[in-house]
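Asks: The structure file start-v7.tsv (TSV, C-alpha atoms) is provided below.
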chain	number	residue	atom	x	y	z
C	242	MET	CA	24.09	-19.25	2.54
C	243	PHE	CA	22.92	-17.79	5.85
C	244	ILE	CA	23.87	-14.32	4.54
C	245	LEU	CA	21.38	-14.68	1.69
C	246	GLY	CA	18.79	-15.91	4.18
C	247	ASN	CA	19.37	-12.88	6.41
C	248	PHE	CA	19.18	-10.56	3.40
C	249	LEU	CA	15.86	-12.04	2.27
C	250	LYS	CA	14.49	-11.88	5.80
C	251	ALA	CA	15.45	-8.20	6.11
C	252	LEU	CA	13.99	-7.48	2.67
C	253	ALA	CA	10.71	-9.13	3.70
C	254	ILE	CA	10.55	-7.07	6.90
C	255	VAL	CA	11.26	-3.78	5.11
C	256	LEU	CA	8.70	-4.60	2.43
C	257	ASP	CA	6.11	-5.49	5.06
C	258	TYR	CA	6.64	-2.19	6.92
C	259	THR	CA	6.56	-0.20	3.68
C	260	LEU	CA	3.30	-1.81	2.60
C	261	SER	CA	1.80	-1.21	6.05
C	262	MET	CA	2.77	2.47	5.98
C	263	PHE	CA	1.32	2.85	2.49
C	264	MET	CA	-1.94	1.26	3.63
C	265	TRP	CA	-2.18	3.76	6.50
C	266	ILE	CA	-1.54	6.61	4.06
C	267	ILE	CA	-4.39	5.32	1.86
C	268	ILE	CA	-6.65	5.18	4.93
C	269	ALA	CA	-5.69	8.77	5.76
C	270	ARG	CA	-6.55	9.80	2.20
C	271	ALA	CA	-9.96	8.13	2.48
C	272	VAL	CA	-10.67	9.87	5.79
C	273	LEU	CA	-9.55	13.22	4.33
C	274	SER	CA	-11.95	12.76	1.44
C	275	TRP	CA	-14.87	12.84	3.91
C	276	VAL	CA	-13.97	16.36	5.05
C	277	ASN	CA	-12.96	19.38	3.04
C	278	PRO	CA	-9.23	19.75	3.78
C	279	ASP	CA	-7.16	22.70	2.66
C	280	PRO	CA	-5.65	21.59	-0.68
C	281	TYR	CA	-2.61	23.80	-0.05
C	282	ASN	CA	-1.74	22.09	3.22
C	283	SER	CA	1.60	20.33	2.83
C	284	ILE	CA	0.42	17.14	4.56
C	285	VAL	CA	-2.69	16.90	2.37
C	286	ARG	CA	-0.60	17.49	-0.76
C	287	PHE	CA	1.92	14.84	0.36
C	288	ILE	CA	-0.82	12.27	0.94
C	289	ASN	CA	-2.45	13.05	-2.41
C	290	ASN	CA	0.87	12.96	-4.30
C	291	ILE	CA	1.83	9.60	-2.77
C	292	THR	CA	-1.49	7.83	-3.27
C	293	GLU	CA	-2.82	9.32	-6.49
C	294	PRO	CA	-0.57	7.35	-8.92
C	295	VAL	CA	-1.78	4.04	-7.50
C	296	LEU	CA	-5.41	5.04	-7.15
C	297	TYR	CA	-5.42	6.59	-10.63
C	298	GLN	CA	-4.22	3.33	-12.18
C	299	ILE	CA	-6.98	1.43	-10.37
C	300	ARG	CA	-9.63	3.94	-11.48
C	301	LYS	CA	-8.33	3.80	-15.05
C	302	LYS	CA	-8.48	0.00	-15.29
C	303	ILE	CA	-11.62	-0.63	-13.24
C	304	PRO	CA	-14.55	1.79	-13.14
C	305	VAL	CA	-14.96	1.76	-9.37
C	306	ASN	CA	-17.25	4.77	-8.92
C	307	PHE	CA	-20.63	3.57	-7.64
C	308	GLY	CA	-23.02	6.47	-7.18
C	309	GLY	CA	-20.30	8.95	-6.31
C	310	LEU	CA	-18.56	6.50	-3.96
C	311	ASP	CA	-14.96	5.83	-4.92
C	312	ILE	CA	-13.91	2.34	-3.84
C	313	SER	CA	-10.43	2.46	-5.38
C	314	PRO	CA	-8.84	2.82	-1.87
C	315	VAL	CA	-10.55	-0.42	-0.84
C	316	ILE	CA	-9.18	-2.21	-3.90
C	317	ALA	CA	-5.71	-0.78	-3.21
C	318	MET	CA	-5.84	-1.98	0.40
C	319	LEU	CA	-6.92	-5.45	-0.72
C	320	GLY	CA	-3.95	-5.48	-3.10
C	321	ILE	CA	-1.62	-4.47	-0.26
C	322	ILE	CA	-3.02	-7.23	1.97
C	323	PHE	CA	-2.50	-9.72	-0.86
C	324	LEU	CA	1.11	-8.59	-1.32
C	325	GLN	CA	1.76	-8.77	2.41
C	326	ASN	CA	0.47	-12.32	2.63
C	327	PHE	CA	1.84	-13.67	-0.65
C	328	LEU	CA	5.07	-11.80	-1.36
C	329	VAL	CA	6.27	-11.11	2.18
C	330	GLY	CA	5.28	-14.59	3.34
C	331	SER	CA	7.06	-16.19	0.40
C	332	LEU	CA	10.21	-14.15	1.03
C	333	GLN	CA	10.19	-15.12	4.71
C	334	LYS	CA	9.81	-18.83	3.94
C	335	LEU	CA	12.53	-18.61	1.31
C	336	ALA	CA	14.78	-16.86	3.82
C	337	PHE	CA	14.22	-19.56	6.44
C	338	SER	CA	15.07	-22.25	3.89
C	339	PHE	CA	18.54	-20.67	3.48
C	340	MET	CA	19.21	-20.49	7.20
Here is a file; write its structure as structure tokens.
Replies:
Amino acid sequence: MFILGNFLKALAIVLDYTLSMFMWIIIARAVLSWVNPDPYNSIVRFINNITEPVLYQIRKKIPVNFGGLDISPVIAMLGIIFLQNFLVGSLQKLAFSFM
């Protein structure tokens, strides 16, 4: 059973790092929205292509535009923090129960 415990522990670590990287990409997108970046820049296009599906779903479900201020990145980051605490924490505790 320790193999399953190690697998769940590794899965929790990879998920935690992935969620952290995605949160930093959302922060970069928010910072880029304050300036006028070149829309043809490959880094700007990458950031927009990665974050737009998630932010679009949030904007579609919740009207989060208050006076021209888009707070969908804040809601996405709160969701990531929730997943890191709930899902990753649960996977880690489950992994330790198998060890």
Asks: Given only C-alpha atoms as the basis, pick out the residue of C:Gly330, C:Gly308, C:Arg270, C:Ile299 nearest to Arg286 in chain C.
Replies: C:Arg270
Asks: Determine the nearest neighbour of Leu328 in chain C from the options C:Ile266, C:Leu256, C:Ala251, C:Val315, counting only C-alpha atoms.
Replies: C:Leu256
Asks: Choose the residue, out of C:Phe243, C:Phe287, C:Tyr297, C:Phe307, that has the smallest atom-to-atom separation from Ala336 in chain C; count all atoms listed in the file.
Replies: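 The closest residue to Ala336 in chain C is C:Phe243.
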Asks: Extract, using only C-alpha atoms, all DNA, RNA and protein residues at most 12 Å from Leu324 in chain C, discarding same-chain residues fewer than 6 positions from it, and format them as a list in words.
Replies: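 Using only C-alpha atoms, the neighbours found are Ala253, Leu256, Asp257, Tyr258, Thr259, Leu260, Ser261, Met264, Ala317, Met318, Gly330, Ser331 and Leu332 of chain C.
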Asks: Find the residue from C:Asn289, C:Pro294, C:Asn326, C:Ile321 that sits nearest to Ala271 in chain C; use all atoms listed in the file when measuring.
Replies: C:Asn289
Asks: Just need the box for range 250-259 of chain C, edges along x, y and z, holding every atom the file lists for it with 6 Å tacked onto each side, so centre and edge lengths in Å to one decimal, as AutoDock Vina command-line options.
Replies:
--center_x 10.8 --center_y -6.0 --center_z 4.7 --size_x 21.3 --size_y 23.7 --size_z 16.5
Asks: May I ask for the distance between CA of Ala269 in chain C and CA of Val285 in chain C, given in Å to one decimal place?
Replies: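 CA of Val285 in chain C lies at a distance of 9.3 Å from CA of Ala269 in chain C.
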Asks: So what do you get for CA of Pro278 in chain C versus CA of Lys301 in chain C, distance-wise?
Replies: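 Going from CA of Pro278 in chain C over to CA of Lys301 in chain C covers 24.7 Å.
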Asks: From (-11.9, 3.5, -5.5), in the file's coordinates, out to 8 Å: which residues are reached, counting only C-alpha atoms? Answer as a ChimeraX atom specification.
Replies: /C:296,299-300,305-306,310-317
Asks: Could you work out how far CA of Lys302 in chain C lies from CA of Ile288 in chain C, giving the answer in Å with one decimal?
Replies: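 If I compute the distance from CA of Ile288 in chain C to CA of Lys302 in chain C, I get 21.7 Å.
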